[in-house]
Amino acid sequence: MSATFPRPARRRAVCRVRRAGLSVLLGVGMMSPGWGQGTTLSGGEPVPPAAVAVQGATVDAEDAGALPTVTVTAAPAAGAPSPSAFSRRRSASATRLDLTLRETPQSISVVSRAQMDAFGLRDARAVLDTVPGVNVERVETDRTYYSVRGFEVSNFQLDGVGLPFATGDQTGDIDTAVYDRVDVLRGANGLLSSTGNPSATVNFVRKRPTADTRFAGGLTLGSWDQVRLDADWSGALTADRAVRGRFVAAAEDKASYLDRYESSKRVAAATVEVDLSASTLLTAGYALQRNRPSGVGWGALPLIYTNGEPTRYPRSANVGPAWSYWHTDDAQAFADVLHDLGGGWTVKGTVQQRKIGGRARLFYVYGDLDQPTGAGLRSYPSVYRNDEQQWLGDVHAKGPFSLAGRRHEAVVGLSVSRSKSDMASRYDDVGVPVSEDDVLAGRFPLPDFDQPESGFGRFKDWRRTAYGVARFNVHDHLKLIGGLNVTRVSSAGEQYGEPHHYRTTRAQPFAGVVADITPHASVYASVADIFNPQTKTDQQSRLLDPIQGRTVEAGIKAESPDRKLTGSLAVFRVAQDNTAESAGFEDGRTYYRGVDATSKGFEAEVAGQPMAGWRLSAGFTWLRIEGEDGESVRTYVPRRTLRVSSLADVPGVTGLAWGGVLKWQSDISRELSDGVVRQKAYALLDAVLRYQVDKSLAVTAQVHNVTHTRYLNSLLWEQAYVGAPRSVSLNLAWSL
């Protein structure tokens, strides 16, 4: 790449970095992000315009201003990820320190833009389906839960900041068109997520503007009338490139293998970067996603008859009538200011607002289903609305310091957040007998819904946090990481007519150690406390007690000499009290009970390029989940999972690559009042064939569920629906 340093007026240096020829388009919008005149750290943190690293040296703006124009040409750093790589070497998602994955004393997986584009991972569910150890619980057509190491994931972040789900689930989907990569940190993340999450934190890293002009677009056609268009433009907005912008848009419409279910979504995002000075970078953006599905399932299909026999419906079976829908809007606005303090220290302030709105007309069935007659089910229609608003501010400083003759690193920060939730429903024709045949045919008539609205959730949550972490360079081959998060959480309001109220202050320590055992391998260990207030309620509509516990992890991480392939092996133990587990459905809601559980297991993962022309991401997880008396609990969570994503160039055929995604899980079960339902172990295989016609055009064909495997999406609840059968898609992607 080349960097040009002109002599500007007033001793201000402007660094332009061009990565021409490095981008390889594997899908829609796969463009390397650029910050601060096209320069980024590989961990995703922006580089202030004041300093740019070139071949290991730093050129300061004050010094550069006195120099004539100089052009420096340098090769990419050893091990730097190419735009087509399935891995990233660095991430700040765990501690906000820009560490390599090997230097991070926890398990972390990175799904790159290249991997998302190569395999058509266009929403969060598809992305997390490929991540080792992540279990995607598709309980309904438009509501999803996620679990890692046996426990639910409740925290999605945007660029490292965010708030837990208000209700513990994600409604609709999250389109990935606006994101450059997705980091999944497994284990507790109490340092940066206010309260400890024992399972994982998912960090969506936004695409950023570039100084050079780029455009990418795409067209996807698929089974069930799928049509999708993508566009991604980025470039300078002023002649001196001090102002840069990026605009991303996507539109998708499709039917489904499920009877009557159709979906439509629109996505748009705009981001602007401004060099306010030689040492200050302002970034601001806005994104909006609208989902408009119809024929949606609220709950799903009965799993068992009263005689104990399991139900077996057609793949297309759906409980949702044609008149049902679940519309969601997700609007996000943010602004960041990054300032270089000098001496290697930077300070960053972030303000983020998120508004999530839902409007739904739904149909649920409950009861005891008789096999011979198909009778025993009853109706539960509802009109539902949900409005959630989140405000979050964060300011933190990070940089090096000296102690005992050695150089160390630290981060200190403060964050304040407030969220407001307002949920209400109206019901009509509740308890009307409905036959199994009528449910499958969607023949239940649309009720008037003229009953008064019933507010079942109106509450506000506040979180105030002070945090700090230091990485001590005890020895060239030994690093200690210690941190503390002190959080004040409070809530006021009501839920299902009962008080939704708590107020407490907790301190959560974190400790980790990383020791190099060879130039290319390290061992590590970490421990973190868990504390997380819950929104789930029991059968009497009372809030469950907060989740509490501790997570411990140890392992080994290694990388190849050229740093293009990384691997890890981790063992973990998570002890958690008061884990919410579904206990039934009553009065239009699912109620829960608290379960004390301990999860133990190991994970093995490898990612990168095993050899030239072959990109790989793979991982295996084994775990055991036990209750207080050593009995197996949460049996609907698979104990063993395997995830493999592979794409390899075809020898002798320039531009042609083939590969696929393999997802396997062991058997799961759930005990019901009339018997036990089991889902046997199964594997899903997606095949990919991609042809890079030239540097501007690529064609990708995919076959999903090649073996046409039949499986239930989830046993998290007492109802479920059958997963998608074989399907195909074709993507045309181009760049200018």
# chains A, B, ... in the order shown; residues from 1 in each chain; ligands from 1
call {"tool": "residues_around", "arguments": {"residues": "A:Pro105", "least_positions_apart": "3", "cutoff": "10 Å", "atoms": "only C-alpha atoms", "output": "mmCIF file with N, CA and C atoms, in the first residue's frame"}}
result
data_model
loop_
_atom_site.group_PDB
_atom_site.id
_atom_site.type_symbol
_atom_site.label_atom_id
_atom_site.label_comp_id
_atom_site.auth_asym_id
_atom_site.auth_seq_id
_atom_site.Cartn_x
_atom_site.Cartn_y
_atom_site.Cartn_z
ATOM 1 N N ALA A 94 -13.022 -7.804 24.132
ATOM 2 C CA ALA A 94 -12.963 -8.358 25.484
ATOM 3 C C ALA A 94 -12.624 -7.311 26.535
ATOM 4 N N THR A 95 -11.660 -6.427 26.240
ATOM 5 C CA THR A 95 -11.143 -5.514 27.263
ATOM 6 C C THR A 95 -11.020 -4.070 26.788
ATOM 7 N N LEU A 99 -5.900 -6.201 21.406
ATOM 8 C CA LEU A 99 -5.099 -7.403 21.604
ATOM 9 C C LEU A 99 -5.286 -8.361 20.448
ATOM 10 N N LEU A 101 -5.931 -12.189 19.188
ATOM 11 C CA LEU A 101 -6.768 -13.238 19.774
ATOM 12 C C LEU A 101 -5.939 -14.112 20.710
ATOM 13 N N ARG A 102 -4.673 -14.292 20.381
ATOM 14 C CA ARG A 102 -3.795 -15.100 21.229
ATOM 15 C C ARG A 102 -3.510 -14.393 22.556
ATOM 16 N N ILE A 108 -12.612 -16.388 21.824
ATOM 17 C CA ILE A 108 -13.238 -15.375 20.982
ATOM 18 C C ILE A 108 -13.203 -15.844 19.532
ATOM 19 N N LYS A 479 1.991 -12.070 30.611
ATOM 20 C CA LYS A 479 1.124 -10.903 30.749
ATOM 21 C C LYS A 479 -0.003 -11.222 31.733
ATOM 22 N N LEU A 480 -0.248 -10.280 32.654
ATOM 23 C CA LEU A 480 -1.357 -10.385 33.599
ATOM 24 C C LEU A 480 -2.379 -9.303 33.279
ATOM 25 N N ILE A 481 -3.646 -9.674 33.287
ATOM 26 C CA ILE A 481 -4.727 -8.720 33.049
ATOM 27 C C ILE A 481 -5.643 -8.726 34.260
ATOM 28 N N ALA A 511 -9.865 -11.390 36.153
ATOM 29 C CA ALA A 511 -8.428 -11.650 36.199
ATOM 30 C C ALA A 511 -8.065 -12.634 35.104
ATOM 31 N N GLY A 512 -6.948 -12.367 34.452
ATOM 32 C CA GLY A 512 -6.499 -13.260 33.396
ATOM 33 C C GLY A 512 -4.983 -13.278 33.314
ATOM 34 N N VAL A 513 -4.442 -14.348 32.797
ATOM 35 C CA VAL A 513 -3.008 -14.488 32.621
ATOM 36 C C VAL A 513 -2.748 -15.176 31.291
ATOM 37 N N VAL A 514 -1.725 -14.698 30.582
ATOM 38 C CA VAL A 514 -1.316 -15.289 29.311
ATOM 39 C C VAL A 514 0.191 -15.482 29.348
ATOM 40 N N ALA A 515 0.639 -16.697 29.100
ATOM 41 C CA ALA A 515 2.066 -17.010 29.120
ATOM 42 C C ALA A 515 2.468 -17.674 27.816
ATOM 43 N N SER A 522 0.639 -19.962 23.280
ATOM 44 C CA SER A 522 0.493 -19.424 24.625
ATOM 45 C C SER A 522 -0.533 -20.236 25.390
ATOM 46 N N VAL A 523 -0.380 -20.276 26.705
ATOM 47 C CA VAL A 523 -1.405 -20.823 27.583
ATOM 48 C C VAL A 523 -2.028 -19.654 28.335
ATOM 49 N N TYR A 524 -3.279 -19.824 28.745
ATOM 50 C CA TYR A 524 -3.968 -18.726 29.406
ATOM 51 C C TYR A 524 -4.976 -19.275 30.407
ATOM 52 N N ALA A 525 -5.418 -18.387 31.301
ATOM 53 C CA ALA A 525 -6.492 -18.711 32.238
ATOM 54 C C ALA A 525 -7.179 -17.405 32.619
ATOM 55 N N SER A 526 -8.473 -17.483 32.949
ATOM 56 C CA SER A 526 -9.215 -16.293 33.365
ATOM 57 C C SER A 526 -10.357 -16.704 34.276
ATOM 58 N N VAL A 527 -10.791 -15.745 35.111
ATOM 59 C CA VAL A 527 -11.915 -15.967 36.016
ATOM 60 C C VAL A 527 -12.711 -14.679 36.087
ATOM 61 N N GLU A 553 -12.066 -20.230 32.997
ATOM 62 C CA GLU A 553 -11.652 -20.771 31.701
ATOM 63 C C GLU A 553 -10.139 -20.859 31.632
ATOM 64 N N ALA A 554 -9.641 -21.887 30.976
ATOM 65 C CA ALA A 554 -8.206 -22.044 30.752
ATOM 66 C C ALA A 554 -8.002 -22.725 29.409
ATOM 67 N N GLY A 555 -6.846 -22.467 28.807
ATOM 68 C CA GLY A 555 -6.640 -23.089 27.505
ATOM 69 C C GLY A 555 -5.300 -22.762 26.904
ATOM 70 N N ILE A 556 -5.168 -23.125 25.643
ATOM 71 C CA ILE A 556 -3.959 -22.884 24.865
ATOM 72 C C ILE A 556 -4.370 -22.311 23.521
ATOM 73 N N LYS A 557 -3.595 -21.325 23.055
ATOM 74 C CA LYS A 557 -3.823 -20.721 21.752
ATOM 75 C C LYS A 557 -2.516 -20.734 20.979
#
call {"tool": "closest_atom_pairs", "arguments": {"of": "stretch 305-362 of chain A", "to": "stretch 429-439 of chain A", "cutoff": "9 Å", "atoms": "only C-alpha atoms", "output": "Markdown table"}}
result
| residue | atom | partner | partner_atom | distance |
| --- | --- | --- | --- | --- |
| A:Asn318 | CA | A:Val439 | CA | 8.0 |
| A:Val319 | CA | A:Val439 | CA | 5.8 |
| A:Gly320 | CA | A:Val439 | CA | 7.9 |
| A:Pro321 | CA | A:Val439 | CA | 8.0 |
call {"tool": "write_last_selection", "arguments": {"atoms": "C-alpha atoms", "output": "mmCIF file, in the first residue's frame"}}
result
data_model
loop_
_atom_site.group_PDB
_atom_site.id
_atom_site.type_symbol
_atom_site.label_atom_id
_atom_site.label_comp_id
_atom_site.auth_asym_id
_atom_site.auth_seq_id
_atom_site.Cartn_x
_atom_site.Cartn_y
_atom_site.Cartn_z
ATOM 1 C CA ASN A 318 -47.388 -23.280 10.389
ATOM 2 C CA VAL A 319 -49.666 -22.116 13.184
ATOM 3 C CA GLY A 320 -49.956 -18.553 11.817
ATOM 4 C CA PRO A 321 -53.100 -17.523 9.860
#
call {"tool": "residues_around", "arguments": {"residues": "A:Tyr325", "least_positions_apart": "6", "cutoff": "12 Å", "atoms": "only C-alpha atoms", "output": "list in words"}}
result
Thr141, Asp142, Gly172, Arg260, Tyr261, Glu262, Ser263, Ser264, Asn291, Arg292, Pro293, Ser294, Gly295, Val296, Gly297, Trp298, Gly358, Arg359, Ala360, Arg361, Leu362, Phe363, Pro381, Ser382, Val383, Tyr384, Arg385 and Leu446 of chain A
call {"tool": "residues_around", "arguments": {"residues": "A:Val416", "least_positions_apart": "3", "cutoff": "10 Å", "atoms": "only C-alpha atoms", "output": "list in words"}}
result
Ser194, Val351, Trp391, Leu392, Gly393, Asp394, Val395, Trp462, Arg463, Arg464, Thr465, Ala466, Thr487 and Arg488 of chain A
call {"tool": "closest_residue", "arguments": {"among": "A:Leu221, A:Leu97, A:Val272, A:Ala177", "to": "A:Thr238", "atoms": "only C-alpha atoms"}}
result
A:Val272
call {"tool": "closest_residue", "arguments": {"among": "A:Ala278, A:Ala287, A:Leu121, A:Ala618", "to": "A:Leu341", "atoms": "only C-alpha atoms"}}
result
A:Ala278
call {"tool": "closest_residue", "arguments": {"among": "A:Gln679, A:Gln540, A:Thr535, A:Gln115", "to": "A:Arg710", "atoms": "only C-alpha atoms"}}
result
A:Gln679
call {"tool": "select_by_dssp", "arguments": {"residues": "stretch 99-332 of chain A", "states": "alpha helix (DSSP H)", "output": "PyMOL selection string"}}
result
chain A and resi 113-118+124-129
call {"tool": "write_last_selection", "arguments": {"atoms": "N, CA and C atoms", "output": "short mmCIF file (atom, residue, chain, number, x, y, z; two decimals), in the first residue's frame"}}
result
data_model
loop_
_atom_site.label_atom_id
_atom_site.label_comp_id
_atom_site.auth_asym_id
_atom_site.auth_seq_id
_atom_site.Cartn_x
_atom_site.Cartn_y
_atom_site.Cartn_z
N ARG A 113 -16.21 -10.08 7.27
CA ARG A 113 -17.09 -9.70 6.14
C ARG A 113 -16.94 -10.70 5.00
N ALA A 114 -15.72 -11.16 4.78
CA ALA A 114 -15.49 -12.13 3.71
C ALA A 114 -16.28 -13.41 3.94
N GLN A 115 -16.30 -13.88 5.18
CA GLN A 115 -17.02 -15.11 5.49
C GLN A 115 -18.53 -14.92 5.34
N MET A 116 -19.03 -13.76 5.78
CA MET A 116 -20.46 -13.49 5.62
C MET A 116 -20.85 -13.48 4.15
N ASP A 117 -20.01 -12.84 3.32
CA ASP A 117 -20.34 -12.75 1.90
C ASP A 117 -20.18 -14.09 1.18
N ALA A 118 -19.15 -14.84 1.55
CA ALA A 118 -18.89 -16.11 0.86
C ALA A 118 -20.02 -17.10 1.04
N ALA A 124 -28.28 -12.12 11.54
CA ALA A 124 -27.55 -12.56 12.72
C ALA A 124 -27.73 -14.04 12.99
N ARG A 125 -28.92 -14.57 12.71
CA ARG A 125 -29.14 -15.99 12.96
C ARG A 125 -28.22 -16.85 12.09
N ALA A 126 -28.10 -16.48 10.82
CA ALA A 126 -27.24 -17.24 9.92
C ALA A 126 -25.77 -17.13 10.33
N VAL A 127 -25.34 -15.93 10.75
CA VAL A 127 -23.97 -15.74 11.19
C VAL A 127 -23.67 -16.60 12.41
N LEU A 128 -24.52 -16.50 13.44
CA LEU A 128 -24.24 -17.20 14.69
C LEU A 128 -24.42 -18.70 14.57
N ASP A 129 -25.16 -19.15 13.56
CA ASP A 129 -25.25 -20.58 13.28
C ASP A 129 -23.89 -21.19 12.95
#
